[in-house]
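*Asks:* Sending over work.cif (mmCIF, C-alpha atoms).
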```cif
data_target
#
loop_
_atom_site.group_PDB
_atom_site.id
_atom_site.type_symbol
_atom_site.label_atom_id
_atom_site.label_comp_id
_atom_site.auth_asym_id
_atom_site.auth_seq_id
_atom_site.Cartn_x
_atom_site.Cartn_y
_atom_site.Cartn_z
ATOM 1 C CA VAL F 940 142.731 37.079 51.605
ATOM 2 C CA GLN F 941 140.009 34.700 50.534
ATOM 3 C CA LEU F 942 136.401 35.859 50.283
ATOM 4 C CA GLN F 943 133.293 33.696 50.329
ATOM 5 C CA ALA F 944 129.938 35.258 49.457
ATOM 6 C CA SER F 945 126.580 33.745 50.344
ATOM 7 C CA GLY F 946 122.965 34.639 50.954
ATOM 8 C CA GLY F 947 121.625 35.162 47.471
ATOM 9 C CA GLY F 948 118.258 33.856 46.405
ATOM 10 C CA SER F 949 115.014 34.521 44.575
ATOM 11 C CA VAL F 950 112.520 36.979 46.044
ATOM 12 C CA VAL F 951 109.532 39.039 45.016
ATOM 13 C CA ALA F 952 109.889 42.801 44.608
ATOM 14 C CA GLY F 953 109.622 44.570 47.931
ATOM 15 C CA GLU F 954 111.161 41.741 49.911
ATOM 16 C CA SER F 955 114.561 41.663 51.595
ATOM 17 C CA LEU F 956 117.744 39.616 51.496
ATOM 18 C CA ARG F 957 120.978 39.729 53.438
ATOM 19 C CA LEU F 958 124.234 38.827 51.752
ATOM 20 C CA SER F 959 127.294 37.747 53.693
ATOM 21 C CA CYS F 960 130.942 37.802 52.734
ATOM 22 C CA ALA F 961 133.247 35.840 54.994
ATOM 23 C CA ALA F 962 136.966 36.507 54.781
ATOM 24 C CA SER F 963 139.991 34.541 55.791
ATOM 25 C CA GLY F 964 143.660 35.359 55.606
ATOM 26 C CA ARG F 965 146.123 37.390 57.585
ATOM 27 C CA ALA F 966 145.174 40.803 56.190
ATOM 28 C CA SER F 967 141.438 40.284 56.034
ATOM 29 C CA ALA F 968 140.604 42.344 59.123
ATOM 30 C CA THR F 969 142.338 45.479 57.831
ATOM 31 C CA THR F 970 141.012 45.615 54.303
ATOM 32 C CA ASP F 971 138.198 47.803 53.091
ATOM 33 C CA ARG F 972 135.353 45.739 51.729
ATOM 34 C CA ALA F 973 132.794 46.292 49.017
ATOM 35 C CA TRP F 974 129.966 44.777 47.067
ATOM 36 C CA PHE F 975 129.666 44.934 43.313
ATOM 37 C CA ARG F 976 127.065 43.457 41.023
ATOM 38 C CA GLN F 977 126.759 42.446 37.421
ATOM 39 C CA ALA F 978 123.503 41.976 35.603
ATOM 40 C CA PRO F 979 123.271 39.952 32.378
ATOM 41 C CA GLY F 980 124.637 41.923 29.454
ATOM 42 C CA LYS F 981 125.872 44.759 31.664
ATOM 43 C CA GLU F 982 129.187 45.745 33.149
ATOM 44 C CA ARG F 983 130.039 45.131 36.767
ATOM 45 C CA GLU F 984 128.979 48.075 38.906
ATOM 46 C CA PHE F 985 129.781 49.323 42.386
ATOM 47 C CA VAL F 986 127.087 48.848 45.018
ATOM 48 C CA ALA F 987 128.537 49.730 48.421
ATOM 49 C CA ARG F 988 131.742 49.793 50.372
ATOM 50 C CA VAL F 989 132.795 49.969 54.016
ATOM 51 C CA SER F 990 136.134 50.924 55.502
ATOM 52 C CA TRP F 991 138.129 48.408 57.461
ATOM 53 C CA THR F 992 137.162 50.163 60.694
ATOM 54 C CA GLY F 993 133.494 50.038 59.792
ATOM 55 C CA PHE F 994 133.149 53.770 60.441
ATOM 56 C CA SER F 995 132.898 54.902 56.815
ATOM 57 C CA SER F 996 130.593 53.633 54.100
ATOM 58 C CA LYS F 997 129.464 54.677 50.657
ATOM 59 C CA TYR F 998 126.630 53.608 48.376
ATOM 60 C CA SER F 999 125.693 53.894 44.763
ATOM 61 C CA ASP F 1000 122.750 56.182 44.132
ATOM 62 C CA SER F 1001 120.647 53.264 42.917
ATOM 63 C CA VAL F 1002 120.714 51.497 46.297
ATOM 64 C CA LYS F 1003 121.085 54.387 48.730
ATOM 65 C CA GLY F 1004 118.381 54.259 51.376
ATOM 66 C CA ARG F 1005 117.526 50.622 50.635
ATOM 67 C CA PHE F 1006 120.814 48.761 51.179
ATOM 68 C CA THR F 1007 123.034 48.823 54.244
ATOM 69 C CA ILE F 1008 126.582 47.543 54.369
ATOM 70 C CA SER F 1009 128.099 46.558 57.685
ATOM 71 C CA ARG F 1010 130.950 44.476 58.984
ATOM 72 C CA ASP F 1011 131.754 42.381 61.999
ATOM 73 C CA ASN F 1012 135.499 42.358 62.426
ATOM 74 C CA ALA F 1013 135.246 39.757 65.169
ATOM 75 C CA ASP F 1014 134.541 37.149 62.514
ATOM 76 C CA ASN F 1015 135.804 39.010 59.422
ATOM 77 C CA THR F 1016 132.378 39.097 57.804
ATOM 78 C CA VAL F 1017 130.742 41.866 55.816
ATOM 79 C CA TYR F 1018 127.002 42.016 55.291
ATOM 80 C CA LEU F 1019 124.777 43.676 52.741
ATOM 81 C CA GLN F 1020 121.231 44.112 53.988
ATOM 82 C CA MET F 1021 119.017 44.669 50.970
ATOM 83 C CA ASN F 1022 115.519 45.963 51.621
ATOM 84 C CA ASN F 1023 112.711 46.872 49.257
ATOM 85 C CA LEU F 1024 114.338 44.931 46.448
ATOM 86 C CA LYS F 1025 113.465 45.889 42.905
ATOM 87 C CA PHE F 1026 113.521 43.931 39.676
ATOM 88 C CA GLU F 1027 116.536 45.969 38.557
ATOM 89 C CA ASP F 1028 118.523 44.699 41.540
ATOM 90 C CA THR F 1029 118.667 41.301 39.855
ATOM 91 C CA ALA F 1030 122.344 40.487 39.345
ATOM 92 C CA LEU F 1031 125.282 38.386 40.399
ATOM 93 C CA TYR F 1032 126.670 40.044 43.505
ATOM 94 C CA TYR F 1033 130.391 39.943 44.254
ATOM 95 C CA CYS F 1034 132.232 40.890 47.398
ATOM 96 C CA ALA F 1035 135.640 42.499 47.162
ATOM 97 C CA GLY F 1036 138.467 43.516 49.466
ATOM 98 C CA GLY F 1037 141.303 45.981 49.174
ATOM 99 C CA ARG F 1038 142.679 49.338 50.263
ATOM 100 C CA GLY F 1039 142.492 52.851 48.885
ATOM 101 C CA GLY F 1040 139.896 51.981 46.301
ATOM 102 C CA GLU F 1041 142.009 49.230 44.786
ATOM 103 C CA TRP F 1042 139.982 46.009 44.950
ATOM 104 C CA THR F 1043 142.570 43.286 45.020
ATOM 105 C CA TYR F 1044 140.559 40.397 46.368
ATOM 106 C CA TRP F 1045 137.345 39.038 44.919
ATOM 107 C CA GLY F 1046 134.949 36.367 46.045
ATOM 108 C CA GLN F 1047 132.747 34.248 43.854
ATOM 109 C CA GLY F 1048 129.363 35.726 43.035
ATOM 110 C CA THR F 1049 126.059 35.009 44.697
ATOM 111 C CA GLN F 1050 122.926 35.337 42.567
ATOM 112 C CA VAL F 1051 120.080 37.648 43.528
ATOM 113 C CA THR F 1052 116.921 37.360 41.464
ATOM 114 C CA VAL F 1053 113.982 39.691 42.036
ATOM 115 C CA SER F 1054 110.692 39.029 40.308
ATOM 116 C CA SER F 1055 108.223 41.821 39.775
#
```
When written as structure tokens, how does the structure in this file appear?
*Replies:*
Amino acid sequence: VQLQASGGGSVVAGESLRLSCAASGRASATTDRAWFRQAPGKEREFVARVSWTGFSSKYSDSVKGRFTISRDNADNTVYLQMNNLKFEDTALYYCAGGRGGEWTYWGQGTQVTVSS
């Protein structure tokens, strides 16, 4: 499975962005998918995940209520809608794929910068 993330950019606090993660490969439609992020000088942290069916999702407390993860299995793409962005959301965002909480596949990061 190959993952390609896009959609990052620079915004002002309070604005929105939507990240996309396109997947290719035979198993891409049946893998759970997630977003992680890593800010400068910090460890990579979990942001959100969605099951391969799209019926189950989970969020970190820091983004709950502001971010929404979704997937379109017709084109093997997962989205992260990020609303009401805050300065502390600034990070390199990575998409990941796997099963059972094991994230085997990783895409390249896409930078999100939020100015206050």
*Asks:* Between F:Gly1040, F:Ser990, F:Ser1009, F:Gln977, single out the one closest to Glu1027 of chain F, counting only C-alpha atoms.
*Replies:*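 Smallest distance to Glu1027 of chain F is found for F:Gln977.
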*Asks:* How many Å lie between atom CA of Val940 of chain F and atom CA of Gln1020 of chain F, rounded to one decimal?
*Replies:*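 Taking atom CA of Val940 of chain F and atom CA of Gln1020 of chain F, their separation equals 22.7 Å.
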*Asks:* How close does segment 988-1027 of chain F get to segment 944-949 of chain F? List, as a tab-separated table, each residue of segment 988-1027 of chain F within 12 Å, its nearest atom pair and the distance in Å to one decimal, counting only C-alpha atoms.
*Replies:*
```
residue	atom	partner	partner_atom	distance
F:Thr1016	CA	F:Ala944	CA	9.5
F:Val1017	CA	F:Ala944	CA	9.2
F:Tyr1018	CA	F:Ala944	CA	9.4
F:Leu1019	CA	F:Gly946	CA	9.4
F:Gln1020	CA	F:Gly946	CA	10.1
F:Met1021	CA	F:Gly947	CA	10.5
F:Leu1024	CA	F:Ser949	CA	10.6
F:Lys1025	CA	F:Ser949	CA	11.6
F:Phe1026	CA	F:Ser949	CA	10.7
```
*Asks:* Next, dump the selected residues to file, keeping only C-alpha atoms, as an mmCIF file, keeping the file's coordinate frame.
*Replies:*
```cif
data_model
loop_
_atom_site.group_PDB
_atom_site.id
_atom_site.type_symbol
_atom_site.label_atom_id
_atom_site.label_comp_id
_atom_site.auth_asym_id
_atom_site.auth_seq_id
_atom_site.Cartn_x
_atom_site.Cartn_y
_atom_site.Cartn_z
ATOM 1 C CA THR F 1016 132.378 39.097 57.804
ATOM 2 C CA VAL F 1017 130.742 41.866 55.816
ATOM 3 C CA TYR F 1018 127.002 42.016 55.291
ATOM 4 C CA LEU F 1019 124.777 43.676 52.741
ATOM 5 C CA GLN F 1020 121.231 44.112 53.988
ATOM 6 C CA MET F 1021 119.017 44.669 50.970
ATOM 7 C CA LEU F 1024 114.338 44.931 46.448
ATOM 8 C CA LYS F 1025 113.465 45.889 42.905
ATOM 9 C CA PHE F 1026 113.521 43.931 39.676
#
```
*Asks:* Which of these, F:Gln1047, F:Ser1054, F:Gln941, F:Asn1022, has the shortest distance to Arg976 of chain F once you count only C-alpha atoms?
*Replies:*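 Under the stated criterion, the closest residue is F:Gln1047.
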*Asks:* As a check of understanding, name the residues that the PyMOL selection byres ((chain F and resi 984) around 10) selects in the supplied structure, as a ChimeraX atom specification.
*Replies:* /F:974-978,981-983,985-987,999,1032-1033
